[in-house]
>>> print(open('final_6.pdb').read())   # PDB, C-alpha atoms, pLDDT in the B column
MODEL        1
ATOM      1  CA  MET A  21      15.333   1.672 -20.704  1.00 44.00           C
ATOM      2  CA  GLY A  22      14.950  -1.256 -23.110  1.00 43.00           C
ATOM      3  CA  PRO A  23      12.236  -3.880 -23.009  1.00 42.00           C
ATOM      4  CA  ASP A  24      14.563  -6.406 -21.336  1.00 42.00           C
ATOM      5  CA  SER A  25      15.737  -4.115 -18.549  1.00 40.00           C
ATOM      6  CA  ALA A  26      13.964  -3.888 -15.208  1.00 41.00           C
ATOM      7  CA  ALA A  27      12.998  -0.652 -13.497  1.00 43.00           C
ATOM      8  CA  PRO A  28      15.228   0.110 -10.496  1.00 44.00           C
ATOM      9  CA  VAL A  29      13.859  -0.482  -7.026  1.00 45.00           C
ATOM     10  CA  THR A  30      14.382   2.450  -4.690  1.00 46.00           C
ATOM     11  CA  THR A  31      13.973   1.979  -0.947  1.00 44.00           C
ATOM     12  CA  VAL A  32      14.299   4.122   2.131  1.00 43.00           C
ATOM     13  CA  ALA A  33      17.949   4.152   3.195  1.00 40.00           C
ATOM     14  CA  GLY A  34      18.715   1.969   6.167  1.00 39.00           C
ATOM     15  CA  SER A  35      19.967  -1.433   7.138  1.00 34.00           C
ATOM     16  CA  PRO A  36      20.655  -4.222   4.626  1.00 36.00           C
ATOM     17  CA  GLY A  37      17.563  -6.148   3.618  1.00 39.00           C
ATOM     18  CA  GLN A  38      15.306  -3.196   4.313  1.00 40.00           C
ATOM     19  CA  SER A  39      13.673  -3.563   0.898  1.00 44.00           C
ATOM     20  CA  ASP A  40      11.593  -6.473   2.260  1.00 49.00           C
ATOM     21  CA  ARG A  41      10.366  -5.293   5.658  1.00 51.00           C
ATOM     22  CA  ARG A  42       6.903  -6.816   5.511  1.00 48.00           C
ATOM     23  CA  HIS A  43       5.296  -7.672   8.841  1.00 50.00           C
ATOM     24  CA  GLY A  44       2.889 -10.246   7.441  1.00 59.00           C
ATOM     25  CA  ASN A  45       1.552 -11.857   4.330  1.00 70.00           C
ATOM     26  CA  ARG A  46       0.070  -9.689   1.617  1.00 71.00           C
ATOM     27  CA  THR A  47      -3.370 -10.520   0.239  1.00 80.00           C
ATOM     28  CA  PRO A  48      -3.700 -10.044  -3.544  1.00 82.00           C
ATOM     29  CA  ALA A  49      -6.311  -7.420  -4.402  1.00 84.00           C
ATOM     30  CA  LEU A  50      -7.436  -5.199  -7.250  1.00 88.00           C
ATOM     31  CA  PHE A  51      -9.468  -2.080  -6.503  1.00 91.00           C
ATOM     32  CA  SER A  52      -8.981   1.665  -6.872  1.00 96.00           C
ATOM     33  CA  LEU A  53      -7.630   4.364  -4.592  1.00 96.00           C
ATOM     34  CA  LEU A  54      -6.526   7.989  -4.596  1.00 98.00           C
ATOM     35  CA  TYR A  55      -3.352   9.146  -2.880  1.00 97.00           C
ATOM     36  CA  SER A  56      -2.042  12.595  -2.033  1.00 97.00           C
ATOM     37  CA  GLY A  57       1.065  14.110  -0.511  1.00 96.00           C
ATOM     38  CA  MET A  58       3.704  16.777  -0.972  1.00 91.00           C
ATOM     39  CA  GLY A  59       6.224  16.136  -3.741  1.00 81.00           C
ATOM     40  CA  THR A  60       8.998  18.612  -4.604  1.00 82.00           C
ATOM     41  CA  GLY A  61       7.158  21.413  -2.825  1.00 86.00           C
ATOM     42  CA  GLN A  62       3.887  20.852  -4.687  1.00 90.00           C
ATOM     43  CA  MET A  63       0.719  19.000  -3.780  1.00 94.00           C
ATOM     44  CA  LEU A  64       0.590  15.645  -5.555  1.00 94.00           C
ATOM     45  CA  ILE A  65      -2.699  13.835  -6.180  1.00 96.00           C
ATOM     46  CA  GLY A  66      -2.566  10.426  -7.818  1.00 97.00           C
ATOM     47  CA  ASP A  67      -4.961   7.751  -8.949  1.00 97.00           C
ATOM     48  CA  GLY A  68      -4.077   4.086  -8.665  1.00 97.00           C
ATOM     49  CA  MET A  69      -4.936   0.481  -8.020  1.00 97.00           C
ATOM     50  CA  VAL A  70      -4.291  -1.533  -4.881  1.00 95.00           C
ATOM     51  CA  THR A  71      -2.435  -4.681  -5.973  1.00 94.00           C
ATOM     52  CA  ASN A  72      -2.003  -6.294  -2.546  1.00 92.00           C
ATOM     53  CA  LEU A  73      -2.493  -5.418   1.087  1.00 89.00           C
ATOM     54  CA  SER A  74      -2.007  -6.472   4.681  1.00 86.00           C
ATOM     55  CA  SER A  75      -2.756  -4.957   8.069  1.00 84.00           C
ATOM     56  CA  TYR A  76       0.557  -3.095   7.831  1.00 89.00           C
ATOM     57  CA  GLY A  77       0.997  -2.066   4.208  1.00 92.00           C
ATOM     58  CA  ILE A  78      -0.353  -1.739   0.692  1.00 94.00           C
ATOM     59  CA  GLY A  79       1.097  -2.408  -2.746  1.00 96.00           C
ATOM     60  CA  ILE A  80      -0.011   0.204  -5.277  1.00 97.00           C
ATOM     61  CA  ARG A  81       0.255   0.807  -9.024  1.00 97.00           C
ATOM     62  CA  GLY A  82      -0.144   4.559  -9.473  1.00 98.00           C
ATOM     63  CA  ASN A  83      -0.229   7.221 -12.166  1.00 97.00           C
ATOM     64  CA  ARG A  84       1.871   9.837 -10.292  1.00 95.00           C
ATOM     65  CA  SER A  85       5.486   9.418  -9.170  1.00 93.00           C
ATOM     66  CA  VAL A  86       6.277   9.188  -5.483  1.00 96.00           C
ATOM     67  CA  THR A  87       9.587   8.874  -3.628  1.00 95.00           C
ATOM     68  CA  PRO A  88      10.626   6.641  -0.733  1.00 96.00           C
ATOM     69  CA  GLY A  89       9.960   8.302   2.601  1.00 95.00           C
ATOM     70  CA  MET A  90       7.167  10.495   1.214  1.00 96.00           C
ATOM     71  CA  GLU A  91       4.178  10.899   3.532  1.00 96.00           C
ATOM     72  CA  VAL A  92       0.905  10.177   1.723  1.00 97.00           C
ATOM     73  CA  ALA A  93      -2.790  10.088   2.580  1.00 96.00           C
ATOM     74  CA  LEU A  94      -4.801   7.250   1.024  1.00 96.00           C
ATOM     75  CA  PHE A  95      -8.460   7.128   0.035  1.00 96.00           C
ATOM     76  CA  ILE A  96      -9.129   3.432  -0.611  1.00 94.00           C
ATOM     77  CA  ASP A  97     -12.266   2.185  -2.399  1.00 94.00           C
ATOM     78  CA  LEU A  98     -12.452  -0.896  -0.198  1.00 89.00           C
ATOM     79  CA  PRO A  99     -15.124  -3.278  -1.547  1.00 86.00           C
ATOM     80  CA  GLY A 100     -18.220  -3.333   0.632  1.00 84.00           C
ATOM     81  CA  LEU A 101     -17.899   0.244   1.900  1.00 88.00           C
ATOM     82  CA  LYS A 102     -20.072   3.110   0.663  1.00 92.00           C
ATOM     83  CA  GLU A 103     -17.348   5.727   1.277  1.00 93.00           C
ATOM     84  CA  PRO A 104     -13.600   5.392   0.651  1.00 94.00           C
ATOM     85  CA  LEU A 105     -11.507   4.244   3.611  1.00 92.00           C
ATOM     86  CA  CYS A 106      -9.327   7.230   4.562  1.00 92.00           C
ATOM     87  CA  VAL A 107      -5.822   6.516   5.860  1.00 93.00           C
ATOM     88  CA  ALA A 108      -4.450   9.915   6.855  1.00 93.00           C
ATOM     89  CA  GLN A 109      -0.904   8.761   7.675  1.00 93.00           C
ATOM     90  CA  SER A 110       1.225   6.422   5.608  1.00 96.00           C
ATOM     91  CA  ARG A 111       4.756   6.447   4.208  1.00 97.00           C
ATOM     92  CA  VAL A 112       6.136   5.241   0.863  1.00 97.00           C
ATOM     93  CA  SER A 113       8.670   2.500   1.606  1.00 96.00           C
ATOM     94  CA  TRP A 114       9.784   1.483  -1.916  1.00 96.00           C
ATOM     95  CA  VAL A 115       9.290   2.514  -5.538  1.00 97.00           C
ATOM     96  CA  GLU A 116       9.728   0.504  -8.752  1.00 97.00           C
ATOM     97  CA  GLY A 117       8.542   2.353 -11.840  1.00 95.00           C
ATOM     98  CA  CYS A 118       4.819   3.038 -11.387  1.00 96.00           C
ATOM     99  CA  ARG A 119       4.574   0.490  -8.544  1.00 97.00           C
ATOM    100  CA  PHE A 120       5.234   1.357  -4.913  1.00 97.00           C
ATOM    101  CA  GLY A 121       4.677   0.099  -1.404  1.00 96.00           C
ATOM    102  CA  VAL A 122       3.189   2.076   1.445  1.00 96.00           C
ATOM    103  CA  GLU A 123       3.571   1.355   5.143  1.00 95.00           C
ATOM    104  CA  LEU A 124       0.365   2.253   6.954  1.00 92.00           C
ATOM    105  CA  GLY A 125       0.566   4.644   9.878  1.00 90.00           C
ATOM    106  CA  SER A 126      -1.727   4.517  12.873  1.00 88.00           C
ATOM    107  CA  LEU A 127      -5.329   3.800  11.973  1.00 89.00           C
ATOM    108  CA  LYS A 128      -8.485   4.811  13.803  1.00 89.00           C
ATOM    109  CA  VAL A 129     -10.414   1.920  15.348  1.00 91.00           C
ATOM    110  CA  GLU A 130     -13.114   2.068  12.659  1.00 88.00           C
ATOM    111  CA  GLU A 131     -10.552   2.071   9.805  1.00 88.00           C
ATOM    112  CA  LYS A 132      -8.671  -0.830  11.383  1.00 88.00           C
ATOM    113  CA  LYS A 133     -11.934  -2.783  11.751  1.00 90.00           C
ATOM    114  CA  HIS A 134     -12.855  -2.329   8.067  1.00 88.00           C
ATOM    115  CA  LEU A 135      -9.400  -3.413   6.926  1.00 87.00           C
ATOM    116  CA  HIS A 136      -9.331  -6.482   9.197  1.00 86.00           C
ATOM    117  CA  PHE A 137     -12.819  -7.582   8.085  1.00 86.00           C
ATOM    118  CA  PHE A 138     -11.825  -7.207   4.438  1.00 85.00           C
ATOM    119  CA  LEU A 139      -8.654  -9.270   4.953  1.00 83.00           C
ATOM    120  CA  TRP A 140     -10.456 -11.892   7.071  1.00 82.00           C
ATOM    121  CA  ASP A 141     -13.032 -12.457   4.306  1.00 78.00           C
ATOM    122  CA  ARG A 142     -10.228 -13.207   1.825  1.00 67.00           C
ATOM    123  CA  VAL A 143      -8.272 -15.683   3.951  1.00 60.00           C
ATOM    124  CA  THR A 144      -9.212 -19.332   3.608  1.00 45.00           C
ATOM    125  CA  PRO A 145     -10.275 -21.250   6.751  1.00 46.00           C
ATOM    126  CA  THR A 146      -7.057 -23.317   6.467  1.00 45.00           C
ATOM    127  CA  ASP A 147      -4.949 -20.132   6.536  1.00 47.00           C
ATOM    128  CA  ARG A 148      -6.856 -18.799   9.567  1.00 44.00           C
ATOM    129  CA  ASP A 149      -6.025 -21.797  11.763  1.00 49.00           C
ATOM    130  CA  GLY A 150      -2.355 -22.003  10.776  1.00 51.00           C
ATOM    131  CA  GLY A 151      -2.720 -24.584   8.021  1.00 49.00           C
ATOM    132  CA  SER A 152      -4.220 -27.495   9.991  1.00 47.00           C
TER     133      SER A 152
ENDMDL
END
>>> encode(input="final_6.pdb", output="structure tokens")
Amino acid sequence: MGPDSAAPVTTVAGSPGQSDRRHGNRTPALFSLLYSGMGTGQMLIGDGMVTNLSSYGIGIRGNRSVTPGMEVALFIDLPGLKEPLCVAQSRVSWVEGCRFGVELGSLKVEEKKHLHFFLWDRVTPTDRDGGS
């Protein structure tokens, strides 16, 4: 691939427009995480950076290749927490080079609370009340 060509975007097969299935705005972020899952019959463990997140998904830049549809566990170094936030169930929804998006599975109440507090702290008061 030359310097002027873009990396292909791979998404989970489905209906047209499925490549942008976000259920809310993403908040820009930059902190580390580990991810693990099964890839080609072998355990995969990767190191990466969260680039953006919402209550429903996370954008990641990682050092190990993943594929759309892959189930991954996330260990997120969420600022303000002493221990990484563990998300046991999530699924890769798209891949573009070393970047990929993950749709979060069901979260425990405590995990959901930490994520919501983190996002709330990064939203401006104007955004919270709908822009008024």
>>> closest_residue(input="final_6.pdb", among="A:Ile96, A:Leu54, A:Leu105, A:Val122", to="A:Gly77", atoms="only C-alpha atoms")
A:Val122
>>> closest_residue(input="final_6.pdb", among="A:Asp97, A:Asp67, A:Glu91, A:Glu103", to="A:Glu123", atoms="only C-alpha atoms")
A:Glu91
>>> atom_distance(input="final_6.pdb", atom1="atom CA of A:Glu116", atom2="atom CA of A:Leu139")
24.9 Å
>>> axis_aligned_box(input="final_6.pdb", around="stretch 111-126 of chain A", padding_each_side="4 Å", output="AutoDock Vina command-line options")
--center_x 4.0 --center_y 3.3 --center_z 0.5 --size_x 19.5 --size_y 14.3 --size_z 32.7
>>> closest_residue(input="final_6.pdb", among="A:Arg81, A:Arg111, A:Lys102, A:Lys128", to="A:Gly57", atoms="all atoms listed in the file")
A:Arg111
>>> residues_around(input="final_6.pdb", residues="A:Pro99", least_positions_apart="5", cutoff="12 Å", atoms="all atoms listed in the file", output="list in words")
Ala49, Leu50, Phe51, Ser52, Leu53, Val70, Pro104, Leu105, His134, Leu135, Phe137, Phe138, Leu139, Asp141 and Arg142 of chain A
>>> write_last_selection(input="final_6.pdb", atoms="C-alpha atoms", output="short mmCIF file (atom, residue, chain, number, x, y, z; two decimals), keeping the file's coordinate frame")
data_model
loop_
_atom_site.label_atom_id
_atom_site.label_comp_id
_atom_site.auth_asym_id
_atom_site.auth_seq_id
_atom_site.Cartn_x
_atom_site.Cartn_y
_atom_site.Cartn_z
CA ALA A 49 -6.31 -7.42 -4.40
CA LEU A 50 -7.44 -5.20 -7.25
CA PHE A 51 -9.47 -2.08 -6.50
CA SER A 52 -8.98 1.66 -6.87
CA LEU A 53 -7.63 4.36 -4.59
CA VAL A 70 -4.29 -1.53 -4.88
CA PRO A 104 -13.60 5.39 0.65
CA LEU A 105 -11.51 4.24 3.61
CA HIS A 134 -12.86 -2.33 8.07
CA LEU A 135 -9.40 -3.41 6.93
CA PHE A 137 -12.82 -7.58 8.09
CA PHE A 138 -11.82 -7.21 4.44
CA LEU A 139 -8.65 -9.27 4.95
CA ASP A 141 -13.03 -12.46 4.31
CA ARG A 142 -10.23 -13.21 1.82
#
>>> atom_distance(input="final_6.pdb", atom1="atom CA of A:Glu130", atom2="atom CA of A:Ile78")
17.9 Å
>>> atom_distance(input="final_6.pdb", atom1="atom CA of A:Tyr55", atom2="atom CA of A:Val129")
20.8 Å
>>> decode(input="final_6.pdb", residues="stretch 98-123 of chain A", atoms="N, CA and C atoms", output="CSV table (one decimal), in the first residue's frame")
chain,number,residue,atom,x,y,z
A,98,LEU,N,-9.1,3.3,32.8
A,98,LEU,CA,-9.9,4.5,32.9
A,98,LEU,C,-9.4,5.4,33.9
A,99,PRO,N,-9.1,6.7,33.5
A,99,PRO,CA,-8.5,7.6,34.5
A,99,PRO,C,-9.4,7.8,35.7
A,100,GLY,N,-8.8,7.8,36.9
A,100,GLY,CA,-9.5,7.9,38.1
A,100,GLY,C,-9.8,6.6,38.8
A,101,LEU,N,-9.5,5.5,38.2
A,101,LEU,CA,-9.7,4.2,38.8
A,101,LEU,C,-8.3,3.6,39.1
A,102,LYS,N,-8.3,2.9,40.3
A,102,LYS,CA,-7.0,2.3,40.7
A,102,LYS,C,-6.8,1.0,39.9
A,103,GLU,N,-7.8,0.3,39.6
A,103,GLU,CA,-7.7,-1.0,38.8
A,103,GLU,C,-8.4,-0.8,37.4
A,104,PRO,N,-7.9,-1.5,36.4
A,104,PRO,CA,-8.5,-1.4,35.1
A,104,PRO,C,-10.0,-1.8,35.1
A,105,LEU,N,-10.8,-1.1,34.3
A,105,LEU,CA,-12.2,-1.5,34.2
A,105,LEU,C,-12.3,-2.7,33.2
A,106,CYS,N,-12.8,-3.8,33.7
A,106,CYS,CA,-12.9,-5.0,33.0
A,106,CYS,C,-14.3,-5.1,32.3
A,107,VAL,N,-14.2,-5.2,30.9
A,107,VAL,CA,-15.4,-5.4,30.1
A,107,VAL,C,-15.3,-6.8,29.5
A,108,ALA,N,-16.0,-7.8,30.1
A,108,ALA,CA,-15.8,-9.2,29.7
A,108,ALA,C,-16.4,-9.5,28.4
A,109,GLN,N,-17.4,-8.8,27.9
A,109,GLN,CA,-18.1,-9.1,26.7
A,109,GLN,C,-18.1,-7.9,25.8
A,110,SER,N,-17.5,-8.0,24.6
A,110,SER,CA,-17.6,-6.9,23.6
A,110,SER,C,-17.3,-7.6,22.3
A,111,ARG,N,-17.7,-6.9,21.2
A,111,ARG,CA,-17.5,-7.5,19.8
A,111,ARG,C,-16.9,-6.4,18.9
A,112,VAL,N,-15.9,-6.8,18.1
A,112,VAL,CA,-15.3,-5.9,17.1
A,112,VAL,C,-16.3,-5.7,16.0
A,113,SER,N,-16.6,-4.4,15.7
A,113,SER,CA,-17.6,-4.1,14.7
A,113,SER,C,-17.0,-3.6,13.4
A,114,TRP,N,-15.8,-3.0,13.4
A,114,TRP,CA,-15.1,-2.6,12.2
A,114,TRP,C,-13.6,-2.6,12.4
A,115,VAL,N,-12.8,-2.7,11.4
A,115,VAL,CA,-11.4,-2.7,11.4
A,115,VAL,C,-10.9,-1.9,10.3
A,116,GLU,N,-9.9,-1.0,10.5
A,116,GLU,CA,-9.2,-0.2,9.5
A,116,GLU,C,-7.7,-0.1,9.9
A,117,GLY,N,-6.9,-1.0,9.3
A,117,GLY,CA,-5.5,-1.0,9.7
A,117,GLY,C,-5.4,-1.4,11.1
A,118,CYS,N,-4.7,-0.6,11.9
A,118,CYS,CA,-4.5,-0.9,13.4
A,118,CYS,C,-5.6,-0.3,14.2
A,119,ARG,N,-6.6,0.4,13.6
A,119,ARG,CA,-7.7,1.0,14.3
A,119,ARG,C,-8.9,0.1,14.2
A,120,PHE,N,-9.7,0.0,15.3
A,120,PHE,CA,-10.9,-0.8,15.2
A,120,PHE,C,-11.9,-0.3,16.2
A,121,GLY,N,-13.2,-0.6,16.0
A,121,GLY,CA,-14.3,-0.2,16.9
A,121,GLY,C,-14.8,-1.4,17.6
A,122,VAL,N,-15.2,-1.3,18.8
A,122,VAL,CA,-15.7,-2.4,19.6
A,122,VAL,C,-17.1,-1.9,20.2
A,123,GLU,N,-18.1,-2.8,20.0
A,123,GLU,CA,-19.4,-2.6,20.6
A,123,GLU,C,-19.4,-3.3,21.9
